[in-house]
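Have a look at structure-v8.txt; it's compact mmCIF, C-alpha atoms and all ligand atoms:
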# COMPACT_ATOMS: atom_id res chain seq x y z
CA MET A 1 57.27 0.04 -58.86
CA MET A 2 55.60 2.47 -56.53
CA SER A 3 57.78 5.24 -55.31
CA GLY A 4 57.85 5.89 -51.59
CA ALA A 5 59.98 6.90 -48.66
CA ASP A 6 62.25 3.87 -49.21
CA ASP A 7 63.51 5.42 -52.46
CA TYR A 8 65.43 7.92 -50.34
CA PRO A 9 67.96 7.36 -47.60
CA ALA A 10 66.17 7.62 -44.25
CA LEU A 11 68.98 9.95 -43.27
CA TRP A 12 71.39 11.74 -45.54
CA LEU A 13 74.15 13.86 -44.12
CA ASN A 14 75.08 15.87 -47.18
CA ASP A 15 78.35 17.78 -47.25
CA ILE A 16 78.33 18.51 -43.53
CA SER A 17 80.95 20.78 -42.00
CA ARG A 18 81.26 21.83 -38.38
CA SER A 19 84.13 23.54 -36.64
CA TYR A 20 84.71 24.91 -33.18
CA ALA A 21 86.77 27.94 -32.28
CA GLN A 22 89.56 26.98 -29.94
CA GLY A 23 91.24 30.20 -28.82
CA GLU A 24 93.01 31.54 -31.90
CA THR A 25 92.67 28.35 -33.88
CA ARG A 26 89.73 26.60 -35.48
CA LEU A 27 89.03 22.92 -35.02
CA ASP A 28 87.45 21.42 -38.14
CA ILE A 29 85.61 18.51 -36.57
CA LEU A 30 83.51 17.63 -39.62
CA ASP A 31 84.73 18.63 -43.05
CA SER A 32 82.35 17.91 -45.95
CA ALA A 33 81.22 14.70 -44.29
CA GLU A 34 78.82 12.46 -46.25
CA LEU A 35 76.73 9.62 -44.91
CA ALA A 36 73.55 7.98 -46.19
CA LEU A 37 71.60 5.54 -44.07
CA TRP A 38 68.96 3.38 -45.75
CA PRO A 39 65.79 2.01 -44.17
CA GLY A 40 66.40 -1.32 -42.44
CA GLN A 41 70.13 -0.73 -42.25
CA SER A 42 72.28 -0.65 -39.12
CA VAL A 43 75.55 1.24 -39.27
CA ALA A 44 78.25 1.23 -36.59
CA LEU A 45 80.23 4.41 -36.04
CA VAL A 46 83.57 3.46 -34.56
CA ALA A 47 86.14 6.20 -33.96
CA PRO A 48 88.49 7.32 -31.20
CA SER A 49 87.50 9.81 -28.57
CA GLY A 50 87.52 13.37 -29.89
CA ALA A 51 87.01 12.31 -33.52
CA GLY A 52 83.60 13.97 -33.70
CA LYS A 53 81.15 11.12 -33.11
CA SER A 54 78.92 13.06 -30.72
CA THR A 55 79.01 16.10 -33.00
CA LEU A 56 77.89 13.93 -35.92
CA LEU A 57 75.13 12.30 -33.87
CA HIS A 58 73.86 15.68 -32.60
CA ILE A 59 73.75 17.06 -36.14
CA ALA A 60 72.04 13.90 -37.43
CA GLY A 61 69.51 14.19 -34.60
CA LEU A 62 68.75 17.84 -35.45
CA LEU A 63 69.96 18.83 -31.99
CA GLU A 64 72.75 20.93 -33.43
CA LYS A 65 73.08 22.75 -36.76
CA PRO A 66 76.02 22.21 -39.07
CA ASP A 67 77.99 25.27 -40.23
CA ALA A 68 77.46 24.06 -43.79
CA GLY A 69 75.63 21.23 -45.50
CA ASP A 70 72.20 19.72 -45.13
CA VAL A 71 70.57 16.94 -43.16
CA LEU A 72 67.86 15.27 -45.24
CA ILE A 73 65.25 13.02 -43.68
CA ALA A 74 63.60 10.67 -46.17
CA GLY A 75 64.65 13.06 -48.92
CA ALA A 76 63.38 16.21 -47.22
CA SER A 77 65.85 19.00 -46.51
CA THR A 78 65.98 20.38 -42.97
CA ARG A 79 68.29 23.25 -43.87
CA ASN A 80 65.68 25.98 -43.79
CA MET A 81 63.62 24.68 -40.90
CA ASP A 82 63.17 26.90 -37.87
CA ASP A 83 63.63 25.52 -34.37
CA GLY A 84 59.98 24.51 -34.08
CA ALA A 85 60.02 22.59 -37.35
CA ARG A 86 63.28 20.91 -36.37
CA ALA A 87 61.78 19.85 -33.05
CA SER A 88 58.70 18.42 -34.81
CA ALA A 89 60.85 16.55 -37.33
CA ARG A 90 62.97 15.21 -34.47
CA ARG A 91 59.91 14.01 -32.55
CA ALA A 92 58.31 12.42 -35.59
CA ASP A 93 61.31 10.77 -37.21
CA ILE A 94 64.16 10.24 -34.78
CA GLY A 95 64.60 7.98 -31.77
CA PHE A 96 67.53 8.29 -29.37
CA VAL A 97 69.19 5.72 -27.13
CA TYR A 98 71.92 6.82 -24.75
CA GLN A 99 74.56 4.98 -22.75
CA PHE A 100 72.51 5.48 -19.60
CA HIS A 101 68.84 4.69 -19.94
CA HIS A 102 67.30 7.92 -18.51
CA LEU A 103 64.06 6.12 -17.69
CA LEU A 104 61.65 7.86 -15.33
CA PRO A 105 62.26 6.09 -12.01
CA GLU A 106 58.76 6.52 -10.56
CA PHE A 107 57.04 4.96 -13.57
CA THR A 108 56.81 1.32 -14.64
CA ALA A 109 58.49 -0.09 -17.74
CA LEU A 110 55.12 -0.01 -19.49
CA GLU A 111 54.41 3.61 -18.48
CA ASN A 112 57.88 4.70 -19.62
CA VAL A 113 56.98 3.49 -23.13
CA VAL A 114 53.37 4.71 -22.99
CA LEU A 115 54.18 8.30 -21.99
CA PRO A 116 56.04 9.48 -25.11
CA GLN A 117 53.18 8.14 -27.24
CA MET A 118 50.55 10.00 -25.22
CA ILE A 119 52.65 13.17 -25.45
CA ALA A 120 52.59 12.62 -29.23
CA GLY A 121 48.79 12.53 -29.08
CA LEU A 122 47.90 8.82 -28.93
CA LYS A 123 45.07 7.66 -26.68
CA ARG A 124 46.10 5.73 -23.58
CA GLY A 125 44.58 2.43 -24.74
CA GLU A 126 46.34 2.46 -28.10
CA ALA A 127 49.64 3.59 -26.54
CA THR A 128 49.42 0.83 -23.93
CA ARG A 129 48.76 -1.81 -26.55
CA ARG A 130 51.76 -0.74 -28.61
CA ALA A 131 54.02 -0.40 -25.55
CA SER A 132 53.20 -3.85 -24.30
CA GLU A 133 53.68 -5.30 -27.79
CA LEU A 134 57.10 -3.64 -28.11
CA LEU A 135 58.26 -4.67 -24.65
CA THR A 136 57.09 -8.23 -25.22
CA TYR A 137 58.93 -8.28 -28.55
CA LEU A 138 62.07 -7.24 -26.67
CA GLY A 139 61.61 -10.09 -24.18
CA LEU A 140 60.15 -8.02 -21.35
CA GLY A 141 56.60 -9.35 -21.37
CA LEU A 142 56.92 -10.37 -17.72
CA ARG A 143 58.45 -7.05 -16.64
CA LEU A 144 55.79 -4.57 -17.73
CA GLN A 145 54.88 -3.48 -14.20
CA HIS A 146 58.46 -3.27 -12.91
CA ARG A 147 60.00 0.09 -12.10
CA PRO A 148 63.50 0.76 -13.51
CA ALA A 149 65.14 0.04 -10.13
CA GLU A 150 63.54 -3.43 -10.21
CA LEU A 151 65.09 -4.23 -13.60
CA SER A 152 68.61 -5.40 -14.52
CA GLY A 153 70.89 -3.10 -16.54
CA GLY A 154 70.15 -5.03 -19.73
CA GLU A 155 66.41 -4.90 -19.09
CA GLN A 156 66.51 -1.16 -18.39
CA GLN A 157 68.33 -0.63 -21.65
CA ARG A 158 65.77 -2.70 -23.56
CA VAL A 159 63.00 -0.54 -22.08
CA ALA A 160 64.95 2.53 -23.27
CA ILE A 161 65.12 0.99 -26.76
CA ALA A 162 61.36 0.32 -26.73
CA ARG A 163 60.76 3.92 -25.64
CA SER A 164 63.01 5.28 -28.40
CA VAL A 165 60.97 3.57 -31.11
CA ALA A 166 57.55 3.92 -29.48
CA ASN A 167 56.50 6.70 -31.84
CA GLY A 168 57.63 4.83 -34.94
CA PRO A 169 60.68 6.89 -35.98
CA ARG A 170 62.50 6.30 -39.28
CA ILE A 171 65.88 6.81 -37.71
CA LEU A 172 67.45 5.47 -34.54
CA LEU A 173 70.54 7.19 -33.16
CA ALA A 174 72.36 5.43 -30.36
CA ASP A 175 75.37 6.64 -28.39
CA GLU A 176 77.16 3.65 -26.87
CA PRO A 177 73.88 1.92 -26.03
CA THR A 178 75.65 -1.08 -24.53
CA GLY A 179 78.69 0.74 -23.15
CA ASN A 180 77.44 0.37 -19.60
CA LEU A 181 76.72 -3.37 -19.76
CA ASP A 182 78.74 -6.56 -19.30
CA PRO A 183 79.66 -8.32 -22.58
CA ARG A 184 76.95 -11.00 -22.44
CA THR A 185 74.19 -8.53 -21.61
CA ALA A 186 75.53 -6.12 -24.23
CA ASP A 187 75.23 -8.92 -26.75
CA GLN A 188 71.59 -9.61 -25.83
CA VAL A 189 70.61 -5.94 -25.89
CA PHE A 190 72.33 -5.48 -29.19
CA GLY A 191 70.58 -8.53 -30.61
CA ALA A 192 67.24 -7.03 -29.59
CA LEU A 193 68.19 -3.72 -31.16
CA THR A 194 69.19 -5.13 -34.56
CA GLN A 195 66.10 -7.36 -34.64
CA LEU A 196 63.95 -4.29 -34.11
CA VAL A 197 65.85 -2.29 -36.76
CA ARG A 198 65.07 -4.92 -39.39
CA ALA A 199 61.51 -5.58 -38.29
CA SER A 200 60.62 -1.86 -38.22
CA ASN A 201 62.65 -0.93 -41.31
CA LEU A 202 64.55 1.60 -39.20
CA ALA A 203 67.84 3.15 -40.17
CA ALA A 204 70.18 2.97 -37.20
CA LEU A 205 73.43 4.79 -36.55
CA ILE A 206 75.08 3.32 -33.49
CA VAL A 207 78.23 4.65 -31.86
CA THR A 208 80.09 1.78 -30.26
CA HIS A 209 83.57 0.81 -29.12
CA ASN A 210 82.58 -2.84 -29.13
CA VAL A 211 84.35 -4.33 -32.17
CA GLU A 212 82.41 -7.58 -32.03
CA ILE A 213 79.09 -5.76 -32.04
CA ALA A 214 80.22 -3.44 -34.82
CA GLY A 215 81.19 -6.52 -36.83
CA ARG A 216 77.63 -7.78 -36.78
CA MET A 217 76.11 -4.61 -38.18
CA ASP A 218 75.40 -4.01 -41.87
CA ARG A 219 78.11 -1.37 -42.27
CA ARG A 220 80.93 0.13 -40.26
CA VAL A 221 82.12 3.68 -40.67
CA THR A 222 84.69 5.85 -38.96
CA LEU A 223 85.69 9.52 -38.96
CA ARG A 224 88.99 10.55 -40.51
CA GLU A 225 90.00 14.18 -40.80
CA GLY A 226 86.39 15.22 -40.56
CA LYS A 227 85.11 12.82 -43.18
CA VAL A 228 82.99 9.71 -42.82
CA VAL A 229 85.00 6.79 -44.13
CA GLU A 230 83.62 3.31 -44.81
CA LEU A 231 85.54 0.52 -43.02
CA GLU A 232 86.59 -2.66 -44.88
P1 LIG B 1 83.69 12.21 -29.81
O1 LIG B 1 82.23 12.06 -29.54
O2 LIG B 1 84.16 11.41 -30.99
O3 LIG B 1 84.54 11.95 -28.61
P2 LIG B 1 83.06 15.03 -30.04
O4 LIG B 1 82.16 15.17 -31.19
O5 LIG B 1 82.47 15.06 -28.67
O6 LIG B 1 83.96 13.73 -30.24
O7 LIG B 1 84.16 16.18 -30.09
C1 LIG B 1 85.05 16.35 -31.19
C2 LIG B 1 86.02 17.45 -30.88
O8 LIG B 1 85.34 18.70 -30.86
C3 LIG B 1 86.71 17.33 -29.54
O9 LIG B 1 88.06 17.65 -29.71
C4 LIG B 1 86.01 18.33 -28.67
O10 LIG B 1 86.87 18.85 -27.72
C5 LIG B 1 85.57 19.37 -29.66
N1 LIG B 1 84.29 20.00 -29.23
C6 LIG B 1 83.12 19.37 -29.11
N2 LIG B 1 82.15 20.23 -28.75
C7 LIG B 1 82.74 21.43 -28.62
C8 LIG B 1 82.27 22.76 -28.29
N3 LIG B 1 80.98 22.99 -27.99
N4 LIG B 1 83.18 23.76 -28.28
C9 LIG B 1 84.47 23.53 -28.59
N5 LIG B 1 84.97 22.34 -28.93
C10 LIG B 1 84.12 21.30 -28.95
Here is the file; what I need is its structure written in the form of structure tokens.
Ligand code: ADP
Amino acid sequence: MMSGADDYPALWLNDISRSYAQGETRLDILDSAELALWPGQSVALVAPSGAGKSTLLHIAGLLEKPDAGDVLIAGASTRNMDDGARASARRADIGFVYQFHHLLPEFTALENVVLPQMIAGLKRGEATRRASELLTYLGLGLRLQHRPAELSGGEQQRVAIARSVANGPRILLADEPTGNLDPRTADQVFGALTQLVRASNLAALIVTHNVEIAGRMDRRVTLREGKVVELE
């Protein structure tokens, strides 16, 4: 067998600790937390407010540094990277989806997915081809020229998903991506997301409070006393 990136977890949070000073006391939010995400796998992170979900997501996304431990991307340590290297790794390997879409209002759906690719150095023609392919795959083939305000909440969120994977990341991090949608729309958006995760061999870590949605993902984890714990 050939060895390749799939021999490693796409994302490995190895022995991660993070605490915050709270006056005289110290809050240990993450305490030797471990989590490995494999390519093609979707993992739901379900935990109460204040448990440390955002902290974990920020550390996984190289937006914040842990106090101890290492974040490995496809087997490569990020521990000794400077800010520039972290930013490059983030741009190359990690896509983000938020609860609110943060699309650029003055640009069309297509342009919103084209722009990050051009910023990454792709030519307009190639970026446009990929953007329209992605949007069509997500069921938005007839909405390419619509501005965000001319799209429904579910459609806006699907454009945000297309944008997040436009540059072909290994890892998708989503913070309540369907938290702002009605249950039926949430279901559709989530369906599109998981389809894309499998088709693109992405590793996805998705924070959600939606138990039904979490139930359809490959794994469910929670945070207990600063550790990542597998559910059922
Ligand atoms: P969740 O996303 O699960 O709601 P967070 O990761 O946002 O949890 O926060 C976990 C805990 O850490 C909370 O109690 C929060 O108040 C605390 N916290 C988060 N960020 C900071 C910070 N920058 N300074 C101090 N405390 C923080």
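The residue that comes closest to A:Asn180, out of A:Glu225, A:Leu37, A:His209, A:Ser164 and on the basis of all atoms listed in the file, is A:His209.
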Closest atom pairs, residues of stretch 163-229 of chain A within 12 Å of stretch 71-88 of chain A, all atoms listed in the file, as JSON lines:
{"residue": "A:Pro169", "atom": "CA", "partner": "A:Ile73", "partner_atom": "CA", "distance": 10.9}
{"residue": "A:Arg170", "atom": "CA", "partner": "A:Ala74", "partner_atom": "CA", "distance": 8.2}
{"residue": "A:Ile171", "atom": "CA", "partner": "A:Ile73", "partner_atom": "CA", "distance": 8.6}
{"residue": "A:Leu202", "atom": "CA", "partner": "A:Ala74", "partner_atom": "CA", "distance": 11.5}
{"residue": "A:Ala203", "atom": "CA", "partner": "A:Ala74", "partner_atom": "CA", "distance": 10.5}
Counting only C-alpha atoms, figure out which residue out of A:Ala60, A:Arg220, A:Leu35, A:Ile29 gets nearest to A:Pro9.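 Using only C-alpha atoms, the shortest distance to A:Pro9 belongs to A:Leu35.
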Mind listing the residues within 6 Å of ligand LIG 1 (chain B), all atoms listed in the file counted, as JSON, numbers by chain? {"A": [20, 29, 48, 49, 50, 51, 52, 53, 54, 55]}
Limited to C-alpha atoms, could you put the picked residues into a file as an mmCIF file, in the frame of the given file?
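Just written: result.cif:
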data_model
loop_
_atom_site.group_PDB
_atom_site.id
_atom_site.type_symbol
_atom_site.label_atom_id
_atom_site.label_comp_id
_atom_site.auth_asym_id
_atom_site.auth_seq_id
_atom_site.Cartn_x
_atom_site.Cartn_y
_atom_site.Cartn_z
ATOM 1 C CA TYR A 20 84.710 24.910 -33.180
ATOM 2 C CA ILE A 29 85.610 18.510 -36.570
ATOM 3 C CA PRO A 48 88.490 7.320 -31.200
ATOM 4 C CA SER A 49 87.500 9.810 -28.570
ATOM 5 C CA GLY A 50 87.520 13.370 -29.890
ATOM 6 C CA ALA A 51 87.010 12.310 -33.520
ATOM 7 C CA GLY A 52 83.600 13.970 -33.700
ATOM 8 C CA LYS A 53 81.150 11.120 -33.110
ATOM 9 C CA SER A 54 78.920 13.060 -30.720
ATOM 10 C CA THR A 55 79.010 16.100 -33.000
#
For atom CA of A:Ala89 and atom CA of A:Ser17, the interatomic separation in Å (one decimal):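 Here the two named atoms are 21.1 Å from each other.
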My list of candidates is A:Ala36, A:Arg198, A:Tyr98, A:Gly23. Which is closest to A:Pro177 when distances are computed with only C-alpha atoms?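 Closest candidate: A:Tyr98.
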Can you measure atom CA of A:Leu173 to atom CA of A:Gly125 for me? One decimal in Å is fine.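 Separation between atom CA of A:Leu173 and atom CA of A:Gly125: 27.7 Å.
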Would you kindly return, as a ChimeraX atom specification, each protein, DNA or RNA residue with an atom no farther than 9 Å from any atom of A:Ile213, considering all atoms listed in the file and excluding same-chain residues fewer than 2 positions away? /A:44,186-187,190,208-211,215-217
Work out how far atom CA of A:Ala10 is from atom CA of A:Thr222, in Å to one decimal.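 So the answer is 19.3 Å.
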From the list A:Glu133, A:Asp31, A:Leu172, A:Arg91, which residue is nearest A:Gly121 when using only C-alpha atoms? A:Arg91
For A:Gly153, which residue out of A:Ala127, A:Leu11, A:Leu103, A:Ala199 is the nearest one, using all atoms listed in the file?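 The shortest atom-to-atom distance to A:Gly153 comes from A:Leu103.
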Using the file's own x, y and z axes, what box holds all listed atoms of stretch 144-151 of chain A with 4 Å on each side, keeping edges along x, y and z, and what are its centre and edge lengths in Å to one decimal, as AutoDock Vina command-line options?
--center_x 60.0 --center_y -1.9 --center_z -13.9 --size_x 18.3 --size_y 13.3 --size_z 15.6
Which of these, A:Val165, A:Leu104, A:Leu62, A:Ala174, has the shortest distance to A:Asn201 once you count only C-alpha atoms?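 Closest residue, counting only C-alpha atoms: A:Val165.
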Exercise: A:Ser19 partners within 9 Å, only C-alpha atoms, chain neighbours under 3 positions left out, as a list in words: Arg26, Leu27, Asp28, Ile29, Leu30, Asp31, Pro66 and Asp67 of chain A
Residues within 12 Å of A:Arg130, please, as a CSV table (one decimal) with C-alpha atoms, in the coordinates of the input. Count only C-alpha atoms; anything in the same chain fewer than 2 positions from it doesn't count.
chain,number,residue,atom,x,y,z
A,110,LEU,CA,55.1,0.0,-19.5
A,111,GLU,CA,54.4,3.6,-18.5
A,113,VAL,CA,57.0,3.5,-23.1
A,114,VAL,CA,53.4,4.7,-23.0
A,115,LEU,CA,54.2,8.3,-22.0
A,116,PRO,CA,56.0,9.5,-25.1
A,117,GLN,CA,53.2,8.1,-27.2
A,118,MET,CA,50.6,10.0,-25.2
A,122,LEU,CA,47.9,8.8,-28.9
A,123,LYS,CA,45.1,7.7,-26.7
A,124,ARG,CA,46.1,5.7,-23.6
A,125,GLY,CA,44.6,2.4,-24.7
A,126,GLU,CA,46.3,2.5,-28.1
A,127,ALA,CA,49.6,3.6,-26.5
A,128,THR,CA,49.4,0.8,-23.9
A,132,SER,CA,53.2,-3.8,-24.3
A,133,GLU,CA,53.7,-5.3,-27.8
A,134,LEU,CA,57.1,-3.6,-28.1
A,135,LEU,CA,58.3,-4.7,-24.6
A,136,THR,CA,57.1,-8.2,-25.2
A,137,TYR,CA,58.9,-8.3,-28.6
A,162,ALA,CA,61.4,0.3,-26.7
A,163,ARG,CA,60.8,3.9,-25.6
A,165,VAL,CA,61.0,3.6,-31.1
A,166,ALA,CA,57.6,3.9,-29.5
A,167,ASN,CA,56.5,6.7,-31.8
A,168,GLY,CA,57.6,4.8,-34.9
